[in-house]
>>> print(open('coords.cif').read())   # mmCIF, C-alpha atoms
data_start
loop_
_atom_site.label_atom_id
_atom_site.label_comp_id
_atom_site.auth_asym_id
_atom_site.auth_seq_id
_atom_site.Cartn_x
_atom_site.Cartn_y
_atom_site.Cartn_z
CA MET A 23 17.96 -10.62 2.58
CA SER A 24 17.56 -7.77 5.03
CA VAL A 25 18.20 -4.22 3.82
CA ALA A 26 18.82 -2.91 7.34
CA GLY A 27 21.32 -0.08 7.21
CA GLY A 28 20.98 0.34 3.46
CA LEU A 29 19.68 -1.47 0.39
CA GLU A 30 23.23 -2.23 -0.71
CA ASN A 31 23.89 -4.33 2.40
CA ALA A 32 21.67 -7.12 1.09
CA PHE A 33 24.24 -7.95 -1.59
CA ALA A 34 27.11 -8.61 0.84
CA ALA A 35 24.79 -10.71 3.01
CA GLY A 36 23.65 -12.69 -0.01
CA ALA A 37 27.21 -13.28 -1.16
CA ARG A 38 28.21 -14.53 2.30
CA ALA A 39 25.34 -17.01 2.26
CA GLY A 40 26.34 -18.33 -1.16
CA CYS A 41 23.37 -16.90 -3.07
CA GLU A 42 23.36 -16.46 -6.83
CA CYS A 43 20.19 -14.33 -6.97
CA LEU A 44 18.55 -12.12 -4.39
CA GLN A 45 15.24 -10.92 -2.98
CA ILE A 46 14.80 -7.69 -1.03
CA PHE A 47 12.22 -5.17 0.08
CA VAL A 48 12.73 -1.75 -1.53
CA LYS A 49 10.90 -0.08 1.38
CA ASN A 50 9.56 -1.05 4.79
CA GLN A 51 7.05 -3.78 3.99
CA ARG A 52 4.77 -2.94 6.92
CA GLN A 53 4.49 0.82 6.39
CA TRP A 54 2.72 2.80 3.68
CA ASN A 55 5.17 5.65 3.44
CA ALA A 56 8.91 5.73 2.86
CA LYS A 57 11.57 8.33 2.13
CA PRO A 58 12.27 8.91 -1.57
CA LEU A 59 15.29 7.16 -3.03
CA THR A 60 18.25 9.52 -3.31
CA ASP A 61 20.89 9.43 -6.03
CA GLU A 62 23.38 8.30 -3.39
CA VAL A 63 21.22 5.33 -2.34
CA VAL A 64 20.76 4.27 -5.97
CA ALA A 65 24.49 4.58 -6.69
CA SER A 66 25.44 2.52 -3.62
CA TYR A 67 22.91 -0.15 -4.53
CA GLN A 68 24.08 -0.42 -8.13
CA ALA A 69 27.75 -0.52 -7.09
CA ALA A 70 27.06 -3.42 -4.72
CA ALA A 71 25.13 -5.22 -7.45
CA ARG A 72 28.06 -4.90 -9.86
CA GLU A 73 30.61 -5.95 -7.23
CA THR A 74 28.81 -9.14 -6.17
CA GLY A 75 27.23 -10.08 -9.49
CA LEU A 76 24.09 -11.36 -7.79
CA SER A 77 21.35 -11.43 -10.42
CA PRO A 78 18.50 -11.21 -10.96
CA VAL A 79 17.25 -9.17 -8.03
CA VAL A 80 13.61 -9.68 -7.09
CA ALA A 81 11.73 -7.35 -4.75
CA HIS A 82 8.72 -8.25 -2.63
CA ALA A 83 5.85 -5.77 -2.39
CA SER A 84 4.42 -4.50 0.88
CA TYR A 85 2.13 -6.83 2.79
CA LEU A 86 -0.29 -3.91 3.26
CA ILE A 87 -1.32 -3.84 -0.40
CA ASN A 88 -4.73 -5.41 -1.07
CA LEU A 89 -6.04 -4.88 -4.58
CA ALA A 90 -9.02 -7.18 -3.91
CA SER A 91 -10.36 -5.24 -0.92
CA PRO A 92 -14.02 -4.15 -0.98
CA ASP A 93 -12.83 -0.92 0.68
CA ALA A 94 -12.40 1.62 -2.13
CA ALA A 95 -10.09 3.84 -0.08
CA LEU A 96 -7.79 0.90 0.68
CA ARG A 97 -7.71 -0.12 -2.98
CA LYS A 98 -6.78 3.42 -4.00
CA ARG A 99 -4.02 3.48 -1.41
CA SER A 100 -2.85 0.05 -2.52
CA VAL A 101 -2.58 1.10 -6.17
CA ALA A 102 -0.59 4.19 -5.18
CA ALA A 103 1.73 2.03 -3.05
CA LEU A 104 2.23 -0.43 -5.89
CA VAL A 105 3.08 2.40 -8.29
CA ASP A 106 5.61 3.75 -5.77
CA GLU A 107 7.26 0.35 -5.30
CA VAL A 108 7.51 -0.36 -9.02
CA GLU A 109 8.99 3.07 -9.66
CA ARG A 110 11.59 2.39 -6.94
CA CYS A 111 12.38 -0.96 -8.52
CA HIS A 112 12.65 0.64 -11.97
CA ARG A 113 15.09 3.24 -10.72
CA LEU A 114 17.24 0.63 -8.98
CA GLY A 115 17.13 -1.79 -11.90
CA VAL A 116 15.19 -4.52 -10.07
CA ALA A 117 13.75 -6.96 -12.58
CA TYR A 118 10.66 -8.23 -10.76
CA LEU A 119 8.29 -7.21 -7.97
CA VAL A 120 6.42 -10.07 -6.28
CA LEU A 121 2.87 -9.22 -5.23
CA HIS A 122 0.27 -11.12 -3.22
CA PRO A 123 -2.88 -10.82 -5.37
CA GLY A 124 -5.12 -9.78 -2.46
CA ALA A 125 -7.88 -10.90 -0.13
CA HIS A 126 -11.56 -10.55 -1.00
CA MET A 127 -12.67 -10.12 2.64
CA ARG A 128 -15.70 -12.43 2.40
CA GLU A 129 -16.87 -10.84 -0.85
CA GLY A 130 -16.01 -13.94 -2.90
CA VAL A 131 -13.23 -14.89 -5.30
CA ASP A 132 -15.04 -13.61 -8.40
CA ALA A 133 -15.58 -10.15 -6.90
CA GLY A 134 -12.00 -10.08 -5.66
CA ILE A 135 -10.56 -10.96 -9.05
CA ARG A 136 -12.66 -8.25 -10.74
CA ARG A 137 -11.26 -5.68 -8.30
CA ILE A 138 -7.69 -6.89 -8.80
CA VAL A 139 -8.06 -6.58 -12.58
CA ARG A 140 -9.42 -3.03 -12.32
CA CYS A 141 -6.64 -2.01 -9.94
CA LEU A 142 -3.91 -3.53 -12.12
CA ASN A 143 -5.29 -1.72 -15.17
CA GLU A 144 -5.14 1.53 -13.23
CA PHE A 145 -1.64 0.70 -12.00
CA HIS A 146 -0.40 -0.09 -15.52
CA LYS A 147 -1.77 3.19 -16.80
CA THR A 148 -0.16 5.20 -14.00
CA ALA A 149 3.21 3.42 -14.10
CA ALA A 150 3.34 3.26 -17.87
CA GLY A 151 7.10 3.83 -18.13
CA ALA A 152 8.28 1.34 -15.51
CA SER A 153 10.23 -1.67 -16.79
CA THR A 154 9.85 -3.83 -13.65
CA MET A 155 7.44 -6.75 -14.10
CA VAL A 156 4.90 -7.52 -11.37
CA LEU A 157 4.77 -11.21 -10.46
CA LEU A 158 1.52 -12.51 -8.98
CA GLU A 159 2.41 -14.94 -6.21
CA THR A 160 0.62 -18.20 -5.50
CA THR A 161 -0.92 -18.23 -2.02
CA ALA A 162 -1.72 -20.86 0.60
CA GLY A 163 -5.39 -19.87 0.70
CA GLN A 164 -5.46 -18.67 4.27
CA GLY A 165 -8.54 -16.62 5.09
CA SER A 166 -9.95 -15.01 1.96
CA THR A 167 -6.69 -14.73 0.02
CA ILE A 168 -6.86 -15.16 -3.74
CA GLY A 169 -4.24 -17.15 -5.64
CA HIS A 170 -4.35 -20.61 -4.08
CA GLU A 171 -5.43 -21.98 -7.44
CA VAL A 172 -3.36 -21.39 -10.57
CA GLU A 173 -6.65 -20.61 -12.29
CA HIS A 174 -7.02 -17.48 -10.12
CA LEU A 175 -3.77 -16.07 -11.47
CA ALA A 176 -4.73 -17.01 -15.02
CA ARG A 177 -8.05 -15.19 -14.72
CA ILE A 178 -6.31 -12.05 -13.47
CA ILE A 179 -3.72 -12.12 -16.25
CA ASP A 180 -6.35 -12.81 -18.91
CA GLY A 181 -8.52 -9.99 -17.55
CA VAL A 182 -6.05 -7.10 -17.67
CA ARG A 183 -5.49 -4.93 -20.72
CA GLN A 184 -1.69 -5.37 -20.64
CA PRO A 185 -1.12 -9.02 -19.72
CA GLU A 186 2.46 -8.88 -21.00
CA ARG A 187 3.37 -6.81 -17.94
CA LEU A 188 2.48 -9.62 -15.51
CA GLY A 189 4.30 -12.79 -14.55
CA VAL A 190 3.98 -15.46 -11.87
CA CYS A 191 5.94 -16.36 -8.73
CA VAL A 192 5.36 -19.90 -7.44
CA ASP A 193 5.85 -20.43 -3.70
CA THR A 194 6.37 -24.13 -2.93
CA CYS A 195 5.05 -23.88 0.63
CA HIS A 196 1.97 -22.01 -0.56
CA VAL A 197 1.03 -24.35 -3.40
CA PHE A 198 1.54 -27.40 -1.16
CA ALA A 199 -0.59 -25.94 1.63
CA ALA A 200 -3.20 -24.94 -0.96
CA SER A 201 -3.65 -28.54 -2.28
CA TYR A 202 -0.88 -29.22 -4.81
CA ASP A 203 0.95 -32.21 -3.32
CA ILE A 204 4.35 -31.50 -4.86
CA SER A 205 5.94 -34.04 -2.49
CA THR A 206 4.90 -36.63 -5.10
CA ALA A 207 5.71 -36.83 -8.79
CA GLU A 208 2.00 -36.88 -9.60
CA GLY A 209 1.27 -33.77 -7.55
CA TYR A 210 4.22 -31.91 -9.03
CA ASP A 211 3.08 -32.86 -12.54
CA ARG A 212 -0.39 -31.52 -11.74
CA LEU A 213 1.09 -28.16 -10.76
CA ALA A 214 3.40 -28.01 -13.78
CA THR A 215 0.53 -28.95 -16.11
CA GLU A 216 -1.73 -26.21 -14.74
CA LEU A 217 1.07 -23.65 -15.01
CA THR A 218 1.70 -24.73 -18.59
CA GLU A 219 -1.92 -24.71 -19.69
CA MET A 220 -3.29 -21.78 -17.70
CA VAL A 221 -0.52 -19.17 -17.45
CA THR A 222 2.22 -20.62 -19.74
CA LEU A 223 5.67 -21.52 -18.44
CA GLU A 224 7.18 -18.36 -19.92
CA ARG A 225 5.31 -16.33 -17.30
CA VAL A 226 6.87 -18.24 -14.38
CA LYS A 227 9.71 -15.86 -13.53
CA CYS A 228 10.52 -16.85 -9.94
CA PHE A 229 10.12 -19.59 -7.33
CA HIS A 230 10.04 -19.14 -3.57
CA VAL A 231 11.55 -22.41 -2.37
CA ASN A 232 10.29 -23.21 1.11
CA ASP A 233 9.24 -26.38 2.93
CA SER A 234 5.88 -26.31 4.72
CA LYS A 235 5.03 -26.73 8.40
CA GLY A 236 1.42 -27.37 7.41
CA ALA A 237 0.12 -30.47 5.67
CA CYS A 238 -1.06 -30.53 2.07
CA ASP A 239 -4.43 -28.78 1.72
CA SER A 240 -4.12 -27.33 5.24
CA ARG A 241 -4.24 -23.72 3.94
CA ILE A 242 -1.56 -22.92 6.57
CA ASP A 243 1.11 -20.46 5.39
CA ARG A 244 4.10 -21.38 7.58
CA HIS A 245 7.50 -21.83 5.99
CA GLU A 246 9.95 -24.50 7.14
CA HIS A 247 13.58 -25.40 6.41
CA ILE A 248 14.21 -27.53 3.34
CA GLY A 249 13.56 -31.21 4.07
CA LYS A 250 12.26 -30.49 7.56
CA GLY A 251 8.62 -29.95 6.65
CA LYS A 252 5.74 -31.82 5.08
CA ILE A 253 7.00 -31.46 1.50
CA GLY A 254 10.27 -33.22 2.20
CA VAL A 255 13.33 -33.64 0.04
CA ALA A 256 11.62 -35.50 -2.81
CA GLY A 257 9.36 -32.59 -3.67
CA PHE A 258 12.31 -30.24 -4.17
CA ARG A 259 14.17 -32.83 -6.23
CA ASN A 260 11.24 -32.76 -8.68
CA LEU A 261 11.54 -28.98 -9.13
CA LEU A 262 15.31 -28.68 -9.20
CA ASN A 263 15.67 -31.30 -11.92
CA ASP A 264 12.86 -30.00 -14.13
CA PRO A 265 14.67 -28.62 -17.21
CA ARG A 266 11.76 -26.28 -17.91
CA PHE A 267 12.70 -24.23 -14.85
CA THR A 268 16.50 -24.51 -14.85
CA ALA A 269 17.01 -20.81 -15.58
CA VAL A 270 14.23 -19.53 -13.28
CA PRO A 271 15.58 -17.98 -10.05
CA LYS A 272 14.73 -19.90 -6.88
CA ILE A 273 14.75 -17.93 -3.65
CA LEU A 274 14.66 -19.06 -0.03
CA GLU A 275 12.17 -17.57 2.40
CA THR A 276 13.01 -20.04 5.15
CA PRO A 277 13.53 -18.97 8.80
CA LYS A 278 16.76 -17.10 9.55
CA GLY A 279 19.33 -18.02 12.18
CA VAL A 280 22.14 -20.53 12.72
CA ASP A 281 22.14 -24.29 13.32
CA GLY A 282 23.67 -26.14 16.27
CA ARG A 283 27.12 -25.79 14.73
CA GLY A 284 26.75 -22.06 14.24
CA THR A 285 26.30 -22.31 10.47
CA ASP A 286 24.03 -19.77 8.77
CA LEU A 287 20.74 -21.54 8.06
CA ASP A 288 20.56 -19.97 4.62
CA ARG A 289 23.82 -21.75 3.76
CA VAL A 290 22.41 -24.99 5.21
CA ASN A 291 19.23 -24.76 3.13
CA LEU A 292 21.10 -23.84 -0.05
CA ARG A 293 23.46 -26.79 0.44
CA ARG A 294 20.52 -29.18 0.87
CA LEU A 295 18.94 -27.89 -2.33
CA ARG A 296 22.11 -28.05 -4.40
CA ARG A 297 22.73 -31.64 -3.36
CA LEU A 298 19.43 -32.58 -4.99
CA ILE A 299 20.48 -31.43 -8.46
CA GLU A 300 21.25 -34.46 -10.61
#
>>> encode(input="coords.cif", output="C-alpha cells")
Amino acid sequence: MSVAGGLENAFAAGARAGCECLQIFVKNQRQWNAKPLTDEVVASYQAAARETGLSPVVAHASYLINLASPDAALRKRSVAALVDEVERCHRLGVAYLVLHPGAHMREGVDAGIRRIVRCLNEFHKTAAGASTMVLLETTAGQGSTIGHEVEHLARIIDGVRQPERLGVCVDTCHVFAASYDISTAEGYDRLATELTEMVTLERVKCFHVNDSKGACDSRIDRHEHIGKGKIGVAGFRNLLNDPRFTAVPKILETPKGVDGRGTDLDRVNLRRLRRLIE
C-alpha cells in the first residue's frame, strides 16, 4: 500500500481493500536519502496500526540497494541505506524488511554471493540492536540478479555470521519466471522441497502472491493479476492449501487500479485468492 501523505495512511487503505496484513515502504524506494522519522510520525503510524489491527507489517527495501555490486562505493552506500531502513522499521515496530539480494553485474554469481555475505556481516554489526528481520527475496533472474535459485539464498544465509537474523520472502511470479513451474503440483513440490531442504520452512516468513505475465523460465519479472497470467489459478490453490504455510503472510504486488465495474483490483485479487482456500 502507498504511504503517500503519511505512513499511517497505508493502514486505512489496506483495511478498505480487505487486507489482513500489509506491506509498505518506510522511505522513498527510489531515493537514497529521506527525512528522519519524527516522534509524531511514529505515533501516528502506531495508532493506525492499533486501530486497524493489520498485522504483521512487512516493509520493502529500496530498489537502489545492491550488496552484490563490484563497485565498492555503491556497496558501502547500500549497507548504510540498509542500516537506515532497518532502524526505521525497528522504531516503527515493523517485523520484516524484504530485500532483493543484489546483482553481480557480470562478475558471476559466486563473486556476488561473497560480496552479499560480507555486506550483510557489516550490516549486522552496525545494526546490532535492531529487531527487524531482513528477508532475502527470490528473484526472477533478470539480468545478473542473484536469488533465482533457492540455493543462492541458502548460500548467503549459510555464509553470514548471524544467520538467525535472516529469513526468506518467496515471490510467486519470480520463482515461476525463474524456472519453478508452480502452476503444476510437481513444480510446486519441487519449490517446497528446496525451501525445506536448503533454507528450512521456518525461515519462510512472507510470500509475495503475484501471477506472471512471463512464461516459466522466461526470467521476465512482470506481475499480473491472480489467475490472469501464466501461473493460473491452480498454482495459487497449491500454495493456499499447503498447511505448512497457513500462518505465513501472503501479500499482493499486483497492478493497482479498478476493474470494469469500478471495483478496487486489490479487492478483486484478494477475493480470487480466498475462493481457492479449501
>>> residues_around(input="coords.cif", residues="range 238-250 of chain A", least_positions_apart="2", cutoff="10 Å", atoms="all atoms listed in the file", output="ChimeraX atom specification")
/A:161-165,170,193-205,231-236,252-258,274-278,287-288,290-295
>>> write_last_selection(input="coords.cif", atoms="C-alpha atoms", output="CSV table (one decimal), in the frame of the given file")
chain,number,residue,atom,x,y,z
A,161,THR,CA,-0.9,-18.2,-2.0
A,162,ALA,CA,-1.7,-20.9,0.6
A,163,GLY,CA,-5.4,-19.9,0.7
A,164,GLN,CA,-5.5,-18.7,4.3
A,165,GLY,CA,-8.5,-16.6,5.1
A,170,HIS,CA,-4.4,-20.6,-4.1
A,193,ASP,CA,5.8,-20.4,-3.7
A,194,THR,CA,6.4,-24.1,-2.9
A,195,CYS,CA,5.0,-23.9,0.6
A,196,HIS,CA,2.0,-22.0,-0.6
A,197,VAL,CA,1.0,-24.4,-3.4
A,198,PHE,CA,1.5,-27.4,-1.2
A,199,ALA,CA,-0.6,-25.9,1.6
A,200,ALA,CA,-3.2,-24.9,-1.0
A,201,SER,CA,-3.6,-28.5,-2.3
A,202,TYR,CA,-0.9,-29.2,-4.8
A,203,ASP,CA,1.0,-32.2,-3.3
A,204,ILE,CA,4.4,-31.5,-4.9
A,205,SER,CA,5.9,-34.0,-2.5
A,231,VAL,CA,11.6,-22.4,-2.4
A,232,ASN,CA,10.3,-23.2,1.1
A,233,ASP,CA,9.2,-26.4,2.9
A,234,SER,CA,5.9,-26.3,4.7
A,235,LYS,CA,5.0,-26.7,8.4
A,236,GLY,CA,1.4,-27.4,7.4
A,252,LYS,CA,5.7,-31.8,5.1
A,253,ILE,CA,7.0,-31.5,1.5
A,254,GLY,CA,10.3,-33.2,2.2
A,255,VAL,CA,13.3,-33.6,0.0
A,256,ALA,CA,11.6,-35.5,-2.8
A,257,GLY,CA,9.4,-32.6,-3.7
A,258,PHE,CA,12.3,-30.2,-4.2
A,274,LEU,CA,14.7,-19.1,0.0
A,275,GLU,CA,12.2,-17.6,2.4
A,276,THR,CA,13.0,-20.0,5.2
A,277,PRO,CA,13.5,-19.0,8.8
A,278,LYS,CA,16.8,-17.1,9.6
A,287,LEU,CA,20.7,-21.5,8.1
A,288,ASP,CA,20.6,-20.0,4.6
A,290,VAL,CA,22.4,-25.0,5.2
A,291,ASN,CA,19.2,-24.8,3.1
A,292,LEU,CA,21.1,-23.8,0.0
A,293,ARG,CA,23.5,-26.8,0.4
A,294,ARG,CA,20.5,-29.2,0.9
A,295,LEU,CA,18.9,-27.9,-2.3
>>> closest_residue(input="coords.cif", among="A:Ala56, A:Ile179, A:Leu114, A:Val156", to="Cys228 in chain A", atoms="all atoms listed in the file")
A:Val156
>>> residues_around(input="coords.cif", residues="Ser66 in chain A", least_positions_apart="3", cutoff="9 Å", atoms="only C-alpha atoms", output="PDB file with C-alpha atoms, in the coordinates of the input")
ATOM      1  CA  GLY A  28      20.980   0.340   3.460  1.00  0.00           C
ATOM      2  CA  LEU A  29      19.680  -1.470   0.390  1.00  0.00           C
ATOM      3  CA  GLU A  30      23.230  -2.230  -0.710  1.00  0.00           C
ATOM      4  CA  ASP A  61      20.890   9.430  -6.030  1.00  0.00           C
ATOM      5  CA  GLU A  62      23.380   8.300  -3.390  1.00  0.00           C
ATOM      6  CA  VAL A  63      21.220   5.330  -2.340  1.00  0.00           C
ATOM      7  CA  ALA A  69      27.750  -0.520  -7.090  1.00  0.00           C
ATOM      8  CA  ALA A  70      27.060  -3.420  -4.720  1.00  0.00           C
ATOM      9  CA  ALA A  71      25.130  -5.220  -7.450  1.00  0.00           C
TER      10      ALA A  71
END
>>> atom_distance(input="coords.cif", atom1="CA of Lys227 in chain A", atom2="CA of Asn88 in chain A")
21.7 Å
>>> resolve_selection(input="coords.cif", expression="the PyMOL selection byres ((chain A and resi 105-112) around 8)", output="ChimeraX atom specification")
/A:48-49,59,81,83,101-104,113-119,145,148-149,152-154,156
>>> closest_residue(input="coords.cif", among="A:Glu224, A:Asp264, A:Glu159, A:Asp281", to="Ala207 in chain A", atoms="only C-alpha atoms")
A:Asp264
>>> atom_distance(input="coords.cif", atom1="CA of Phe267 in chain A", atom2="CA of Asp211 in chain A")
13.1 Å
>>> closest_residue(input="coords.cif", among="A:His82, A:Arg289, A:Lys57, A:Arg52", to="His230 in chain A", atoms="only C-alpha atoms")
A:His82
